[in-house]
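Student: Provided below: query_32.cif, containing mmCIF, C-alpha atoms and all ligand atoms.
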```cif
data_run
#
loop_
_atom_site.label_atom_id
_atom_site.label_comp_id
_atom_site.auth_asym_id
_atom_site.auth_seq_id
_atom_site.Cartn_x
_atom_site.Cartn_y
_atom_site.Cartn_z
CA MET A 1 0.00 0.00 0.00
CA LYS A 2 1.37 3.41 -0.94
CA PRO A 3 1.24 6.07 1.82
CA SER A 4 -0.48 9.41 1.35
CA LEU A 5 1.72 11.96 -0.41
CA PRO A 6 3.21 14.45 2.10
CA GLY A 7 3.07 18.25 1.98
CA SER A 8 6.74 18.39 0.94
CA TYR A 9 5.84 16.56 -2.33
CA PHE A 10 3.43 19.36 -3.26
CA ASP A 11 5.69 22.18 -2.00
CA ASP A 12 8.45 20.86 -4.29
CA ILE A 13 6.04 20.87 -7.26
CA TYR A 14 4.86 24.45 -6.57
CA ARG A 15 8.44 25.63 -5.99
CA ARG A 16 9.38 24.40 -9.47
CA ASP A 17 6.28 25.82 -11.16
CA PRO A 18 3.66 28.10 -9.57
CA ASP A 19 0.85 26.62 -11.73
CA PRO A 20 2.03 23.05 -12.40
CA TRP A 21 -1.33 21.77 -13.71
CA ARG A 22 -2.08 24.95 -15.73
CA PHE A 23 -5.26 25.56 -13.76
CA ALA A 24 -5.30 29.23 -14.77
CA SER A 25 -4.72 28.71 -18.51
CA SER A 26 -5.73 25.20 -19.70
CA ALA A 27 -8.86 24.81 -21.83
CA TYR A 28 -9.24 21.26 -20.42
CA GLU A 29 -9.31 22.57 -16.85
CA ALA A 30 -11.70 25.41 -17.77
CA ALA A 31 -14.14 22.95 -19.39
CA LYS A 32 -13.83 20.57 -16.41
CA TYR A 33 -14.55 23.39 -13.96
CA GLU A 34 -17.64 24.35 -15.99
CA ASP A 35 -18.79 20.72 -15.92
CA THR A 36 -18.05 20.52 -12.16
CA LEU A 37 -20.28 23.51 -11.41
CA LYS A 38 -22.92 22.27 -13.84
CA ALA A 39 -23.18 19.05 -11.79
CA LEU A 40 -24.45 21.18 -8.90
CA GLY A 41 -27.38 22.43 -10.98
CA ASP A 42 -28.56 25.82 -9.84
CA ALA A 43 -28.01 25.02 -6.14
CA ARG A 44 -26.55 27.66 -3.88
CA TYR A 45 -24.77 26.80 -0.65
CA ASP A 46 -24.81 28.36 2.76
CA SER A 47 -21.48 26.94 3.86
CA ALA A 48 -19.06 25.01 1.62
CA PHE A 49 -15.71 23.30 2.22
CA GLU A 50 -13.15 22.80 -0.57
CA ILE A 51 -10.38 20.27 0.10
CA GLY A 52 -7.16 20.77 -1.90
CA CYS A 53 -7.90 24.20 -3.37
CA SER A 54 -4.41 24.62 -4.87
CA ILE A 55 -3.92 28.13 -6.30
CA GLY A 56 -7.61 29.00 -5.99
CA VAL A 57 -8.84 29.00 -9.60
CA LEU A 58 -11.81 26.67 -9.07
CA THR A 59 -12.26 28.27 -5.65
CA ARG A 60 -13.09 31.57 -7.30
CA GLN A 61 -15.82 30.00 -9.45
CA LEU A 62 -17.23 27.95 -6.57
CA ALA A 63 -17.30 31.06 -4.38
CA ALA A 64 -20.01 32.56 -6.61
CA ARG A 65 -22.38 29.77 -5.43
CA CYS A 66 -21.65 30.04 -1.71
CA ALA A 67 -22.54 32.41 1.10
CA SER A 68 -19.38 31.21 2.82
CA LEU A 69 -16.53 29.00 1.63
CA LEU A 70 -13.61 27.47 3.53
CA SER A 71 -10.84 26.33 1.17
CA VAL A 72 -7.85 24.36 2.45
CA ASP A 73 -4.64 22.98 1.03
CA ILE A 74 -1.67 21.08 2.39
CA SER A 75 0.81 23.39 0.59
CA PRO A 76 1.44 26.90 1.94
CA LEU A 77 2.95 27.84 -1.44
CA ALA A 78 -0.30 27.01 -3.24
CA LEU A 79 -2.37 28.69 -0.54
CA ALA A 80 -0.43 31.96 -0.82
CA GLN A 81 -1.47 32.18 -4.48
CA ALA A 82 -5.06 31.20 -3.68
CA VAL A 83 -5.29 33.96 -1.06
CA GLU A 84 -3.98 36.54 -3.52
CA ARG A 85 -6.26 35.38 -6.37
CA ASN A 86 -9.35 35.64 -4.14
CA ALA A 87 -8.39 38.68 -2.07
CA ASP A 88 -11.52 40.55 -3.21
CA LEU A 89 -13.86 37.80 -1.90
CA PRO A 90 -14.37 38.32 1.86
CA HIS A 91 -16.70 35.32 2.17
CA VAL A 92 -13.85 32.92 1.22
CA ARG A 93 -11.42 31.82 3.96
CA PHE A 94 -8.24 29.84 3.45
CA GLU A 95 -6.44 27.54 5.87
CA ARG A 96 -3.44 25.28 5.63
CA MET A 97 -4.72 21.80 6.40
CA GLU A 98 -3.50 18.25 5.82
CA PHE A 99 -6.82 16.51 5.36
CA PRO A 100 -7.96 14.17 6.92
CA ASN A 101 -5.20 14.03 9.56
CA GLN A 102 -6.03 17.62 10.35
CA SER A 103 -9.61 18.74 10.31
CA ARG A 104 -11.82 21.19 12.13
CA GLU A 105 -15.24 21.64 13.63
CA GLY A 106 -17.84 22.66 11.10
CA SER A 107 -21.16 22.07 9.44
CA PHE A 108 -21.26 22.29 5.67
CA ASP A 109 -23.89 21.78 3.00
CA LEU A 110 -21.29 21.13 0.27
CA ILE A 111 -17.83 19.53 0.31
CA LEU A 112 -15.74 19.50 -2.87
CA MET A 113 -12.86 17.08 -3.41
CA SER A 114 -11.53 17.85 -6.87
CA GLU A 115 -8.34 16.05 -7.92
CA VAL A 116 -7.13 15.36 -4.38
CA GLY A 117 -8.49 11.99 -3.16
CA TYR A 118 -5.98 9.91 -5.14
CA TYR A 119 -3.07 11.44 -3.25
CA LEU A 120 -4.29 9.62 -0.12
CA SER A 121 -3.67 6.05 1.01
CA MET A 122 -6.81 3.90 1.23
CA PRO A 123 -6.94 4.15 5.08
CA ASP A 124 -6.61 7.94 4.82
CA LEU A 125 -9.33 8.03 2.14
CA ASP A 126 -11.59 6.06 4.48
CA GLN A 127 -10.82 8.54 7.26
CA ALA A 128 -11.50 11.41 4.82
CA ALA A 129 -14.88 9.87 3.97
CA GLN A 130 -15.74 9.61 7.68
CA ARG A 131 -14.68 13.21 8.32
CA CYS A 132 -16.68 14.45 5.32
CA HIS A 133 -19.69 12.55 6.63
CA ASP A 134 -19.25 14.11 10.09
CA LEU A 135 -18.83 17.61 8.63
CA LEU A 136 -21.84 17.46 6.31
CA ARG A 137 -25.33 18.46 7.30
CA THR A 138 -28.05 15.90 6.64
CA GLU A 139 -28.55 15.66 2.88
CA GLY A 140 -25.40 17.73 2.35
CA ALA A 141 -23.56 17.17 -0.93
CA LEU A 142 -20.11 15.67 -1.50
CA LEU A 143 -18.81 16.29 -5.01
CA LEU A 144 -15.85 14.22 -6.25
CA VAL A 145 -13.97 14.95 -9.49
CA HIS A 146 -10.84 12.97 -10.42
CA TYR A 147 -8.68 12.22 -13.44
CA VAL A 148 -9.11 8.53 -14.30
CA ARG A 149 -6.21 7.79 -16.65
CA GLU A 150 -3.00 6.16 -15.41
CA THR A 151 -0.91 7.96 -12.78
CA ASP A 152 1.65 6.91 -10.17
CA TYR A 153 -0.44 8.29 -7.28
CA PRO A 154 -1.34 6.09 -4.27
CA LEU A 155 -4.87 5.51 -5.63
CA THR A 156 -6.54 5.75 -9.02
CA GLY A 157 -9.39 8.18 -9.62
CA ASP A 158 -11.78 5.26 -10.08
CA GLU A 159 -10.67 3.68 -6.76
CA VAL A 160 -11.53 6.93 -4.99
CA HIS A 161 -15.00 7.13 -6.53
CA GLU A 162 -15.78 3.41 -6.12
CA ARG A 163 -14.79 3.53 -2.44
CA LEU A 164 -17.06 6.47 -1.72
CA LEU A 165 -19.92 5.00 -3.77
CA ALA A 166 -19.68 1.84 -1.64
CA ASN A 167 -19.85 3.85 1.60
CA PRO A 168 -23.32 3.40 3.17
CA GLY A 169 -23.13 6.91 4.62
CA PHE A 170 -23.67 8.39 1.17
CA GLN A 171 -26.17 8.01 -1.66
CA ALA A 172 -25.22 8.54 -5.29
CA VAL A 173 -26.93 11.38 -7.13
CA THR A 174 -24.74 11.48 -10.25
CA ASP A 175 -21.85 9.28 -11.39
CA ARG A 176 -20.38 9.77 -14.85
CA SER A 177 -17.05 9.65 -16.64
CA THR A 178 -15.77 11.46 -19.72
CA GLY A 179 -12.93 8.95 -20.12
CA ASP A 180 -10.50 11.60 -18.80
CA TYR A 181 -12.21 12.42 -15.52
CA ARG A 182 -15.00 11.03 -13.37
CA LEU A 183 -17.56 13.16 -11.62
CA THR A 184 -19.62 11.77 -8.75
CA LEU A 185 -22.13 13.70 -6.70
CA LEU A 186 -23.08 12.07 -3.41
CA ARG A 187 -25.60 13.06 -0.78
CA LYS A 188 -25.19 12.32 2.91
CA ALA A 189 -27.58 9.54 3.76
CA GLY A 190 -30.18 10.41 6.42
C1 LIG B 201 -4.16 18.64 -8.48
S1 LIG B 201 -4.43 19.89 -7.28
C2 LIG B 201 -6.19 20.13 -7.40
C3 LIG B 201 -6.59 21.57 -7.29
C4 LIG B 201 -8.08 21.89 -7.38
N1 LIG B 201 -8.86 21.16 -6.43
C5 LIG B 201 -8.60 21.67 -8.76
O1 LIG B 201 -9.33 20.71 -9.01
O2 LIG B 201 -8.26 22.46 -9.64
C6 LIG B 201 -4.31 18.98 -5.77
C7 LIG B 201 -4.10 19.87 -4.56
O3 LIG B 201 -4.39 19.10 -3.39
C8 LIG B 201 -3.46 19.46 -2.38
N2 LIG B 201 -3.40 18.32 -1.44
C9 LIG B 201 -2.83 17.10 -1.64
N3 LIG B 201 -2.98 16.33 -0.56
C10 LIG B 201 -3.70 17.05 0.34
C11 LIG B 201 -4.18 16.79 1.66
N4 LIG B 201 -3.94 15.62 2.27
N5 LIG B 201 -4.87 17.77 2.31
C12 LIG B 201 -5.08 18.97 1.70
N6 LIG B 201 -4.64 19.28 0.46
C13 LIG B 201 -3.97 18.33 -0.22
C14 LIG B 201 -2.16 19.72 -3.13
O4 LIG B 201 -1.29 20.56 -2.43
C15 LIG B 201 -2.68 20.37 -4.42
O5 LIG B 201 -2.67 21.78 -4.31
#
```
Turn this file's structure into structure tokens for me.
Ligand SMILES: C[S@@+](CC[C@H](N)C(=O)[O-])C[C@H]1O[C@@H](n2cnc3c(N)ncnc32)[C@H](O)[C@@H]1O
Tutor:
Amino acid sequence: MKPSLPGSYFDDIYRRDPDPWRFASSAYEAAKYEDTLKALGDARYDSAFEIGCSIGVLTRQLAARCASLLSVDISPLALAQAVERNADLPHVRFERMEFPNQSREGSFDLILMSEVGYYLSMPDLDQAAQRCHDLLRTEGALLLVHYVRETDYPLTGDEVHERLLANPGFQAVTDRSTGDYRLTLLRKAG
């Protein structure tokens, strides 16, 4: 079993390149973000939690749907950019957090895990699922989006989605794949 990737792995990546996945410029990422928000329909959220916000590009789009948004990342280098990019949005807060080993008190009606679950070991993913369940209000939404082609990460995108779909604490609302990424919307079971 591969362990979860540590913060130093991501700090090294961001030190080499401030936007390593081209979140701010790639047409693929822009289309995926549009699809991600489309999966939420026209819902608006009182209190949302974004895990692994990176440099805050998707954060900015998600923020338009939320009265309040807490966005966290393991890498302080990524977070510094996210803070700067969203400095004009007072309802968005950023914290450095290594999820799920670090967490916080809270009650959210949406949690977003976009391209972050496959960096965790399976035990840490299970702990993340439990924490998400604890942090969500009844019928709160958990949206997962992950690349599903081959990587050398601890888990595959499909393993992340299958594990959460098999968790009795959640019910599937949407589960679809483009061949490049999978998008699964879950609702906290009552
Ligand atoms: C590929 S980026 C995804 C960014 C964004 N969610 C998106 O979809 O555009 C993954 C981010 O997750 C962060 N990350 C990885 N493991 C994490 C963990 N255990 N807790 C919090 N953030 C983590 C990394 O630092 C990185 O910024």
Student: Taking 5 positions as the minimum chain separation for residues in the same chain, which residues sit within 12 Å of A:Pro100 when counting only C-alpha atoms? Answer as number ranges by chain.
Tutor: A: 4, 51-52, 72-74, 113, 116-117, 119-135
Student: With C-alpha atoms retained, could you export that selection as a PDB file, in the frame of the given file?
Tutor:
```pdb
ATOM      1  CA  SER A   4      -0.480   9.410   1.350  1.00  0.00           C
ATOM      2  CA  ILE A  51     -10.380  20.270   0.100  1.00  0.00           C
ATOM      3  CA  GLY A  52      -7.160  20.770  -1.900  1.00  0.00           C
ATOM      4  CA  VAL A  72      -7.850  24.360   2.450  1.00  0.00           C
ATOM      5  CA  ASP A  73      -4.640  22.980   1.030  1.00  0.00           C
ATOM      6  CA  ILE A  74      -1.670  21.080   2.390  1.00  0.00           C
ATOM      7  CA  MET A 113     -12.860  17.080  -3.410  1.00  0.00           C
ATOM      8  CA  VAL A 116      -7.130  15.360  -4.380  1.00  0.00           C
ATOM      9  CA  GLY A 117      -8.490  11.990  -3.160  1.00  0.00           C
ATOM     10  CA  TYR A 119      -3.070  11.440  -3.250  1.00  0.00           C
ATOM     11  CA  LEU A 120      -4.290   9.620  -0.120  1.00  0.00           C
ATOM     12  CA  SER A 121      -3.670   6.050   1.010  1.00  0.00           C
ATOM     13  CA  MET A 122      -6.810   3.900   1.230  1.00  0.00           C
ATOM     14  CA  PRO A 123      -6.940   4.150   5.080  1.00  0.00           C
ATOM     15  CA  ASP A 124      -6.610   7.940   4.820  1.00  0.00           C
ATOM     16  CA  LEU A 125      -9.330   8.030   2.140  1.00  0.00           C
ATOM     17  CA  ASP A 126     -11.590   6.060   4.480  1.00  0.00           C
ATOM     18  CA  GLN A 127     -10.820   8.540   7.260  1.00  0.00           C
ATOM     19  CA  ALA A 128     -11.500  11.410   4.820  1.00  0.00           C
ATOM     20  CA  ALA A 129     -14.880   9.870   3.970  1.00  0.00           C
ATOM     21  CA  GLN A 130     -15.740   9.610   7.680  1.00  0.00           C
ATOM     22  CA  ARG A 131     -14.680  13.210   8.320  1.00  0.00           C
ATOM     23  CA  CYS A 132     -16.680  14.450   5.320  1.00  0.00           C
ATOM     24  CA  HIS A 133     -19.690  12.550   6.630  1.00  0.00           C
ATOM     25  CA  ASP A 134     -19.250  14.110  10.090  1.00  0.00           C
ATOM     26  CA  LEU A 135     -18.830  17.610   8.630  1.00  0.00           C
TER      27      LEU A 135
END
```
Student: Go through A:Tyr33, A:Phe99, A:Phe49, A:Tyr28 one by one, measure the shortest atom-to-atom distance of each to ligand LIG 201 (chain B) using all atoms listed in the file, and give the residue with the smallest value.
Tutor: A:Phe99
Student: For atom CA of A:Ala64 and atom CA of A:Glu29, quote the distance in Å rounded to one decimal.
Tutor: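 These atoms are spaced 17.9 Å apart.
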Student: Determine, counting all atoms listed in the file, which protein, DNA and RNA residues have an atom within 9 Å of an atom of A:Asp175; residues of the same chain fewer than 2 positions away are not included. Present the result as a PDB file with C-alpha atoms, in the frame of the given file.
Tutor:
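What follows is the written file selection03.pdb:
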```pdb
ATOM      1  CA  HIS A 161     -15.000   7.130  -6.530  1.00  0.00           C
ATOM      2  CA  LEU A 165     -19.920   5.000  -3.770  1.00  0.00           C
ATOM      3  CA  ALA A 172     -25.220   8.540  -5.290  1.00  0.00           C
ATOM      4  CA  VAL A 173     -26.930  11.380  -7.130  1.00  0.00           C
ATOM      5  CA  SER A 177     -17.050   9.650 -16.640  1.00  0.00           C
ATOM      6  CA  ARG A 182     -15.000  11.030 -13.370  1.00  0.00           C
ATOM      7  CA  LEU A 183     -17.560  13.160 -11.620  1.00  0.00           C
ATOM      8  CA  THR A 184     -19.620  11.770  -8.750  1.00  0.00           C
ATOM      9  CA  LEU A 185     -22.130  13.700  -6.700  1.00  0.00           C
ATOM     10  CA  LEU A 186     -23.080  12.070  -3.410  1.00  0.00           C
TER      11      LEU A 186
END
```
Student: For A:Val148, work out the shell of residues within 9 Å, counting all atoms listed in the file and skipping chain neighbours fewer than 5 positions away, then give it as a count of residues only.
Tutor: 8
Student: Kindly add N, CA and C atoms to the incomplete stretch 152-167 of chain A and provide the output as a PDB file, keeping the file's coordinate frame.
Tutor:
```pdb
ATOM      1  N   ASP A 152       0.893   7.691 -11.162  1.00  0.00           N
ATOM      2  CA  ASP A 152       1.650   6.910 -10.170  1.00  0.00           C
ATOM      3  C   ASP A 152       1.249   7.335  -8.746  1.00  0.00           C
ATOM      4  N   TYR A 153       0.030   7.854  -8.596  1.00  0.00           N
ATOM      5  CA  TYR A 153      -0.440   8.290  -7.280  1.00  0.00           C
ATOM      6  C   TYR A 153      -0.811   7.061  -6.436  1.00  0.00           C
ATOM      7  N   PRO A 154      -0.986   7.237  -5.115  1.00  0.00           N
ATOM      8  CA  PRO A 154      -1.340   6.090  -4.270  1.00  0.00           C
ATOM      9  C   PRO A 154      -2.617   5.373  -4.701  1.00  0.00           C
ATOM     10  N   LEU A 155      -3.621   6.125  -5.178  1.00  0.00           N
ATOM     11  CA  LEU A 155      -4.870   5.510  -5.630  1.00  0.00           C
ATOM     12  C   LEU A 155      -5.189   6.003  -7.034  1.00  0.00           C
ATOM     13  N   THR A 156      -6.033   5.255  -7.739  1.00  0.00           N
ATOM     14  CA  THR A 156      -6.540   5.750  -9.020  1.00  0.00           C
ATOM     15  C   THR A 156      -7.797   6.583  -8.756  1.00  0.00           C
ATOM     16  N   GLY A 157      -8.157   7.401  -9.745  1.00  0.00           N
ATOM     17  CA  GLY A 157      -9.390   8.180  -9.620  1.00  0.00           C
ATOM     18  C   GLY A 157     -10.587   7.256  -9.427  1.00  0.00           C
ATOM     19  N   ASP A 158     -10.639   6.180 -10.203  1.00  0.00           N
ATOM     20  CA  ASP A 158     -11.780   5.260 -10.080  1.00  0.00           C
ATOM     21  C   ASP A 158     -11.831   4.607  -8.692  1.00  0.00           C
ATOM     22  N   GLU A 159     -10.665   4.280  -8.117  1.00  0.00           N
ATOM     23  CA  GLU A 159     -10.670   3.680  -6.760  1.00  0.00           C
ATOM     24  C   GLU A 159     -11.285   4.648  -5.749  1.00  0.00           C
ATOM     25  N   VAL A 160     -10.977   5.927  -5.904  1.00  0.00           N
ATOM     26  CA  VAL A 160     -11.530   6.930  -4.990  1.00  0.00           C
ATOM     27  C   VAL A 160     -13.056   6.946  -5.097  1.00  0.00           C
ATOM     28  N   HIS A 161     -13.552   7.010  -6.333  1.00  0.00           N
ATOM     29  CA  HIS A 161     -15.000   7.130  -6.530  1.00  0.00           C
ATOM     30  C   HIS A 161     -15.724   5.849  -6.123  1.00  0.00           C
ATOM     31  N   GLU A 162     -15.142   4.688  -6.479  1.00  0.00           N
ATOM     32  CA  GLU A 162     -15.780   3.410  -6.120  1.00  0.00           C
ATOM     33  C   GLU A 162     -15.874   3.252  -4.597  1.00  0.00           C
ATOM     34  N   ARG A 163     -14.796   3.674  -3.904  1.00  0.00           N
ATOM     35  CA  ARG A 163     -14.790   3.530  -2.440  1.00  0.00           C
ATOM     36  C   ARG A 163     -15.877   4.378  -1.796  1.00  0.00           C
ATOM     37  N   LEU A 164     -16.034   5.584  -2.291  1.00  0.00           N
ATOM     38  CA  LEU A 164     -17.060   6.470  -1.720  1.00  0.00           C
ATOM     39  C   LEU A 164     -18.462   6.021  -2.111  1.00  0.00           C
ATOM     40  N   LEU A 165     -18.601   5.498  -3.333  1.00  0.00           N
ATOM     41  CA  LEU A 165     -19.920   5.000  -3.770  1.00  0.00           C
ATOM     42  C   LEU A 165     -20.343   3.795  -2.936  1.00  0.00           C
ATOM     43  N   ALA A 166     -19.365   3.030  -2.447  1.00  0.00           N
ATOM     44  CA  ALA A 166     -19.680   1.840  -1.640  1.00  0.00           C
ATOM     45  C   ALA A 166     -19.915   2.182  -0.168  1.00  0.00           C
ATOM     46  N   ASN A 167     -19.709   3.442   0.195  1.00  0.00           N
ATOM     47  CA  ASN A 167     -19.850   3.850   1.600  1.00  0.00           C
ATOM     48  C   ASN A 167     -21.342   4.056   1.920  1.00  0.00           C
TER      49      ASN A 167
END
```
